[in-house]
Amino acid sequence: MDNNNKRETVKQLLQQEKQRYGSYNRLSRVLGVSNATISNMLNDKWNNISDEIINKVMGLLMVQPAPDWVVVETFNIRQMFQVINTARSTRSFWAVSHKAGSGKTAAIRLYAQRHQIGVYAIQAHEWTARQFLSALCRNLGIEPEAGYNSISMMLEQTIEYFMRRSDENPILMVDEADKLKDSAKRIIIPLFNRLEDRLACIWAGTDNLEFEIKKGVRSAKKGFDEIDSRFGRTYIGLTGATIRDCELICNANGIIDKQTVSRIFAESRPISTVVGGINAKVVEDMRRIKRLIIAEKALNNTENQYSMQFTD
């Protein structure tokens, strides 16, 4: 993407994101740049804005300047979309708990890219309740008043933020929620209690998300029975990548030879399962497919360069 197209893309995305956050002041806090920088971008005053800042803003707006990996809608991603849309249409809280590499993160990012208004996504870390709410406030563009950054105040500001946007049918998607500390996981309780029927929420994590919550329920750990209840005591699992998914991923990323596609699928350690009442083989960790495709392309490039040396 050349500089002119990049700048125009940033400008358009800023205008779109302003609708989500309500003001450019709030958006500037989310992006971590000054109001003046945002204003200059919107008014085509690029002379004093470095490429580093432009790329940073593009990255935070979930646009990559030169993607070298194409994400396609696999069966798992379509499953995730169905869960997200169901949660949003019913304004309910859902948990997706499945093995790493199943496409949860890719689906959340893709959905957030395609649906601007009312969609909020955050990738969790090993946060306490305070750290989680601080990160969530930054993500929403909320700037706690000086001296009022307690857990209760940040929680109140977050709840008020979503209440004001109830007509947008908002959804909050917390990716890698299994990493959150127990105190942060318990934040789901007041969010549900205060925002029931006003906010949809998806918590996505590895299979450890369900394991830890159910374990907490059995051991009567503080709040865990309530957490489990907020998710309807149900955790959605995904299916995996079928041979058709593997073919779509390969084709989108430059590998079209059917024998190569079959070999990549076989080397990705597929397991036997039942999909729609039919026995099938699926790959649970799609990162294996990605690694094999990248390796195959690298090998092809090396062989082509080696061949050119002799033909020249």
# chains A, B, ... in the order shown; residues from 1 in each chain; ligands from 1
>>> residues_around(residues="Arg130 in chain A", least_positions_apart="2", cutoff="10 Å", atoms="only C-alpha atoms", output="PDB file with C-alpha atoms, in the first residue's frame")
ATOM      1  CA  TRP A 127      -4.619  -9.473  34.800  1.00  0.00           C
ATOM      2  CA  THR A 128      -6.064  -8.804  38.222  1.00  0.00           C
ATOM      3  CA  PHE A 132      -8.486  -5.867  33.597  1.00  0.00           C
ATOM      4  CA  LEU A 133     -10.745  -2.874  34.223  1.00  0.00           C
ATOM      5  CA  SER A 134      -7.895  -0.432  33.503  1.00  0.00           C
ATOM      6  CA  ALA A 135      -7.247  -2.126  30.155  1.00  0.00           C
ATOM      7  CA  LEU A 136     -10.964  -2.261  29.395  1.00  0.00           C
ATOM      8  CA  ASN A 149      -9.447   4.865  39.545  1.00  0.00           C
ATOM      9  CA  SER A 150     -10.592   2.361  42.130  1.00  0.00           C
ATOM     10  CA  ILE A 151     -12.021  -0.951  40.961  1.00  0.00           C
ATOM     11  CA  SER A 152     -15.549   0.108  41.879  1.00  0.00           C
ATOM     12  CA  MET A 154     -13.808   1.936  36.899  1.00  0.00           C
ATOM     13  CA  LEU A 155     -16.497  -0.745  36.961  1.00  0.00           C
ATOM     14  CA  SER A 183     -10.578 -11.514  40.755  1.00  0.00           C
ATOM     15  CA  ALA A 184     -10.779 -10.426  37.108  1.00  0.00           C
ATOM     16  CA  ILE A 187     -15.961  -8.984  37.099  1.00  0.00           C
TER      17      ILE A 187
END
>>> closest_atom_pairs(of="range 208-311 of chain A", to="range 163-180 of chain A", cutoff="12 Å", atoms="only C-alpha atoms", output="Markdown table")
| residue | atom | partner | partner_atom | distance |
| --- | --- | --- | --- | --- |
| A:Asn208 | CA | A:Asp178 | CA | 6.3 |
| A:Leu209 | CA | A:Asp178 | CA | 4.5 |
| A:Glu210 | CA | A:Asp178 | CA | 8.3 |
| A:Phe211 | CA | A:Asp178 | CA | 9.4 |
| A:Glu212 | CA | A:Asp178 | CA | 8.0 |
| A:Ile213 | CA | A:Asp178 | CA | 9.1 |
>>> select_by_dssp(residues="range 77-260 of chain A", states="strand (DSSP E)", output="list in words")
Phe93, Trp94, Ala95, Val96, Ser97, Val119, Tyr120, Ala121, Ile122, Gln123, Ile171, Leu172, Met173, Val174, Asp175, Ala200, Cys201, Ile202, Trp203, Ala204, Gly205, Tyr235 and Ile236 of chain A
>>> residues_around(residues="Ser28 in chain A", least_positions_apart="3", cutoff="10 Å", atoms="only C-alpha atoms", output="MDAnalysis selection string")
chainID A and resid 14 18 21 23:25 31:39 57 141
>>> write_last_selection(atoms="N, CA, C and O atoms", output="compact mmCIF listing (two decimals), in the first residue's frame")
# COMPACT_ATOMS: atom_id res chain seq x y z
N LEU A 14 -10.57 6.30 10.94
CA LEU A 14 -10.78 7.19 12.07
C LEU A 14 -12.22 7.69 12.10
O LEU A 14 -12.85 7.76 13.16
N LYS A 18 -14.85 6.77 15.12
CA LYS A 18 -15.44 7.86 15.91
C LYS A 18 -16.88 7.55 16.26
O LYS A 18 -17.37 7.87 17.35
N TYR A 21 -16.81 5.21 19.34
CA TYR A 21 -16.39 5.74 20.62
C TYR A 21 -17.06 7.07 20.99
O TYR A 21 -16.91 7.54 22.11
N SER A 23 -16.56 10.19 20.20
CA SER A 23 -15.84 11.44 19.99
C SER A 23 -14.40 11.12 19.60
O SER A 23 -13.87 10.05 19.93
N TYR A 24 -13.76 12.09 18.94
CA TYR A 24 -12.36 11.91 18.58
C TYR A 24 -11.46 12.02 19.81
O TYR A 24 -10.38 11.42 19.85
N ASN A 25 -11.89 12.78 20.82
CA ASN A 25 -11.11 12.85 22.05
C ASN A 25 -10.99 11.48 22.71
O ASN A 25 -9.92 11.06 23.13
N LEU A 31 -6.23 5.12 21.10
CA LEU A 31 -5.11 4.90 20.20
C LEU A 31 -3.77 5.31 20.81
O LEU A 31 -2.71 4.94 20.30
N GLY A 32 -3.82 6.10 21.88
CA GLY A 32 -2.58 6.52 22.52
C GLY A 32 -1.84 7.59 21.74
O GLY A 32 -0.60 7.67 21.80
N VAL A 33 -2.56 8.42 20.99
CA VAL A 33 -1.96 9.54 20.28
C VAL A 33 -2.70 10.82 20.68
O VAL A 33 -3.79 10.76 21.24
N SER A 34 -2.12 11.95 20.38
CA SER A 34 -2.71 13.21 20.81
C SER A 34 -3.91 13.59 19.96
O SER A 34 -4.08 13.12 18.83
N ASN A 35 -4.75 14.48 20.54
CA ASN A 35 -5.87 15.02 19.78
C ASN A 35 -5.39 15.75 18.54
O ASN A 35 -6.04 15.70 17.48
N ALA A 36 -4.25 16.44 18.66
CA ALA A 36 -3.70 17.19 17.53
C ALA A 36 -3.33 16.25 16.38
O ALA A 36 -3.56 16.57 15.21
N THR A 37 -2.78 15.07 16.71
CA THR A 37 -2.42 14.09 15.68
C THR A 37 -3.66 13.61 14.94
O THR A 37 -3.68 13.54 13.70
N ILE A 38 -4.71 13.30 15.70
CA ILE A 38 -5.96 12.87 15.07
C ILE A 38 -6.50 13.97 14.17
O ILE A 38 -6.91 13.72 13.03
N SER A 39 -6.49 15.21 14.66
CA SER A 39 -6.99 16.34 13.89
C SER A 39 -6.20 16.53 12.60
O SER A 39 -6.77 16.76 11.52
N VAL A 57 -1.25 3.58 14.27
CA VAL A 57 -2.69 3.82 14.23
C VAL A 57 -3.38 2.76 13.37
O VAL A 57 -4.43 2.23 13.74
N GLY A 141 -11.95 3.88 25.68
CA GLY A 141 -11.70 5.32 25.61
C GLY A 141 -12.14 6.06 26.85
O GLY A 141 -12.34 7.27 26.82
>>> residues_around(residues="Phe192 in chain A", least_positions_apart="2", cutoff="12 Å", atoms="only C-alpha atoms", output="number ranges by chain")
A: 91-94, 155, 159, 162, 172, 186-190, 194-202, 226-232
